[in-house]
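As structure tokens, the structure follows; a few thoughts come after it.
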Amino acid sequence: SSQLQGRSQEILFIQQSRYYAVSVSICETNMALLGYARVSTSHQKLTAQIMELKSSGVRDDRIFTDMMSGATDEREGLQRLLARAEKDDIIMCTKMDRLGRNTADMIHIVDACYKKGIAIRFLENGLSTEGTMGKMVIQILAAVAEAERERILERTNEGRVIAMAAGVRFGRKPHHKSAAALELIRHETPIKLVMEKTGISRATYFRLKKLGPGS
């Protein structure tokens with residue numbers, strides 16, 4: 001009798017252990033794999049990106065897409081994805097440039113998701129904000145974005161210097177009647193008459209007057 005009782009307790013413990021294991025498994029898989037795909041023009045196809053996301057385990061009904069220019073903020077698919085994503089979910093994207101309009105925009109999205117406990121994984125290079133390395137990945141991406149901004153600024157300044165050396169003038173273009181107005185001002189023509197004859201504004205009149213009679 002005591003042996004049977006011991007045996008039944010052992011079976012109950014095994015059953016409870018299995019139940020616990022199943023419960024843990026369900027809890028661990030509560031997260032969702034979500035996917036995002038975007039093309040910049042109507043001539044491009046989403047097919048390749050969608051196939052890559054599906055082969056990585058993303059369900060077809062959990063893939064969000066946009067087919068439009070990356071220069072606009074009206075990305076309905078992305079907005080629906082971000083509204084759907086919850087803590088512990090993973091958003092998968094084929095490439096980094098598919099997620100944001102530019103590097104800075106991509107960093108903003110990645111960081112906002114990270115703060116909500118949502119990880120992002122890029123399939124092309126294997127970068128991911130999951131786990132303990134997640135914050136480091138974001139910092140690296142931010143450094144890349146800053147370097148990109150500095151490079152663009154440097155190129156812009158270089159182009160400006162070259163253009164100025166070639167005689168290109170920057171700033172507001174002079175009024176097409178500025179020369180005529182300046183001539184009238186030199187002859188001390190009243191402001192009202194100068195404005196009527198040339199069509200220049202009051203501000204332009206005083207700016208020309210400051211140039212002086214020798215200009």
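Quick note on naming: the chains in the structure tokens go A, B, ... in the order shown, residues restart at 1 in each chain, and ligands are numbered from 1 in order of appearance.
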Using only C-alpha atoms, determine which residues lie at most 8 Å from stretch 194-210 of chain A, disregarding the query and same-chain residues fewer than 5 positions distant; provide the list as an MDAnalysis selection string. chainID A and resid 175 177:178 180:182 184:185 189
Could the residues of stretch 106-176 of chain A that have an atom at most 12 Å from stretch 55-64 of chain A be listed as a Markdown table, each with its closest atom pair and the distance in Å to one decimal, counting only C-alpha atoms and ordered by chain and ascending residue number?
```
| residue | atom | partner | partner_atom | distance |
| --- | --- | --- | --- | --- |
| A:Arg121 | CA | A:Ser56 | CA | 10.8 |
| A:Phe122 | CA | A:Ser56 | CA | 11.0 |
| A:Leu123 | CA | A:Ser56 | CA | 8.5 |
| A:Glu124 | CA | A:Ser56 | CA | 11.6 |
| A:Gly126 | CA | A:Ser56 | CA | 11.9 |
```
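Using only C-alpha atoms, the residues found no farther than 8 Å from A:Met96, other than those of its own chain fewer than 3 positions away, are Cys93, Leu99, Gly100, Met106 and Phe122 of chain A.
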File dump, residues just selected, N, CA and C atoms, as an mmCIF file, in the first residue's frame:
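The new file part_38.cif reads:
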```
data_model
loop_
_atom_site.group_PDB
_atom_site.id
_atom_site.type_symbol
_atom_site.label_atom_id
_atom_site.label_comp_id
_atom_site.auth_asym_id
_atom_site.auth_seq_id
_atom_site.Cartn_x
_atom_site.Cartn_y
_atom_site.Cartn_z
ATOM 1 N N CYS A 93 13.714 43.352 -40.044
ATOM 2 C CA CYS A 93 13.783 44.160 -41.256
ATOM 3 C C CYS A 93 14.972 43.667 -42.072
ATOM 4 N N LEU A 99 14.113 50.699 -42.887
ATOM 5 C CA LEU A 99 13.347 51.085 -41.700
ATOM 6 C C LEU A 99 13.114 52.586 -41.616
ATOM 7 N N GLY A 100 14.129 53.388 -41.910
ATOM 8 C CA GLY A 100 14.004 54.838 -41.759
ATOM 9 C C GLY A 100 14.246 55.595 -43.038
ATOM 10 N N MET A 106 16.211 56.326 -38.724
ATOM 11 C CA MET A 106 16.286 54.919 -38.339
ATOM 12 C C MET A 106 16.718 54.774 -36.872
ATOM 13 N N PHE A 122 18.143 43.292 -37.866
ATOM 14 C CA PHE A 122 18.372 43.518 -39.291
ATOM 15 C C PHE A 122 18.998 42.262 -39.892
#
```
The distance between atom CA of A:Leu81 and atom CA of A:Gly134 is 20.1 Å
Write out as a ChimeraX atom specification which residues come within 8 Å of A:Val39 when counting only C-alpha atoms, dropping same-chain ones fewer than 2 positions away. /A:37,41-42,44-46,66-69,98
Output file for the residues above (N, CA and C atoms, as a PDB file, in the first residue's frame):
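Okay, this is what ended up in again00.pdb:
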```
ATOM      1  N   ALA A  37       8.712  45.775 -44.340  1.00  0.00           N
ATOM      2  CA  ALA A  37       9.333  45.872 -45.658  1.00  0.00           C
ATOM      3  C   ALA A  37       8.889  47.175 -46.313  1.00  0.00           C
ATOM      4  N   THR A  41       9.970  53.265 -54.554  1.00  0.00           N
ATOM      5  CA  THR A  41       9.196  53.658 -55.736  1.00  0.00           C
ATOM      6  C   THR A  41       8.243  52.549 -56.139  1.00  0.00           C
ATOM      7  N   SER A  42       7.286  52.926 -56.955  1.00  0.00           N
ATOM      8  CA  SER A  42       6.289  51.961 -57.428  1.00  0.00           C
ATOM      9  C   SER A  42       6.891  50.940 -58.383  1.00  0.00           C
ATOM     10  N   GLN A  44       9.674  49.323 -57.820  1.00  0.00           N
ATOM     11  CA  GLN A  44      10.309  48.261 -57.047  1.00  0.00           C
ATOM     12  C   GLN A  44       9.269  47.310 -56.470  1.00  0.00           C
ATOM     13  N   LYS A  45       9.700  46.114 -56.145  1.00  0.00           N
ATOM     14  CA  LYS A  45       8.784  45.096 -55.637  1.00  0.00           C
ATOM     15  C   LYS A  45       9.110  44.750 -54.184  1.00  0.00           C
ATOM     16  N   LEU A  46       8.054  44.443 -53.436  1.00  0.00           N
ATOM     17  CA  LEU A  46       8.199  44.046 -52.038  1.00  0.00           C
ATOM     18  C   LEU A  46       8.474  42.551 -51.887  1.00  0.00           C
ATOM     19  N   ASP A  66       5.213  49.180 -46.753  1.00  0.00           N
ATOM     20  CA  ASP A  66       4.981  50.505 -47.310  1.00  0.00           C
ATOM     21  C   ASP A  66       5.572  50.533 -48.705  1.00  0.00           C
ATOM     22  N   MET A  67       4.878  51.171 -49.635  1.00  0.00           N
ATOM     23  CA  MET A  67       5.371  51.311 -50.997  1.00  0.00           C
ATOM     24  C   MET A  67       5.283  52.790 -51.359  1.00  0.00           C
ATOM     25  N   MET A  68       6.316  53.505 -51.008  1.00  0.00           N
ATOM     26  CA  MET A  68       6.306  54.947 -51.231  1.00  0.00           C
ATOM     27  C   MET A  68       7.703  55.512 -51.082  1.00  0.00           C
ATOM     28  N   SER A  69       7.831  56.817 -51.302  1.00  0.00           N
ATOM     29  CA  SER A  69       9.124  57.475 -51.165  1.00  0.00           C
ATOM     30  C   SER A  69       9.529  57.545 -49.709  1.00  0.00           C
ATOM     31  N   ARG A  98      15.790  50.275 -44.970  1.00  0.00           N
ATOM     32  CA  ARG A  98      14.360  50.030 -45.210  1.00  0.00           C
ATOM     33  C   ARG A  98      13.505  50.553 -44.054  1.00  0.00           C
TER      34      ARG A  98
END
```
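Shortest separation to A:Gly131 among A:Lys116, A:Val161, A:Asp88, A:Ser40 occurs at residue A:Asp88, atoms counted being only C-alpha atoms.
Nearest residue to A:Gly35, choosing from A:Thr103, A:Asn125, A:Thr132, A:Thr65 and counting only C-alpha atoms: A:Thr65.
In this structure, atom CA of A:Leu127 sits 26.1 Å away from atom CA of A:Glu74.
Picture a line from atom CA of A:Ile118 to atom CA of A:Ile90; it runs 5.9 Å.
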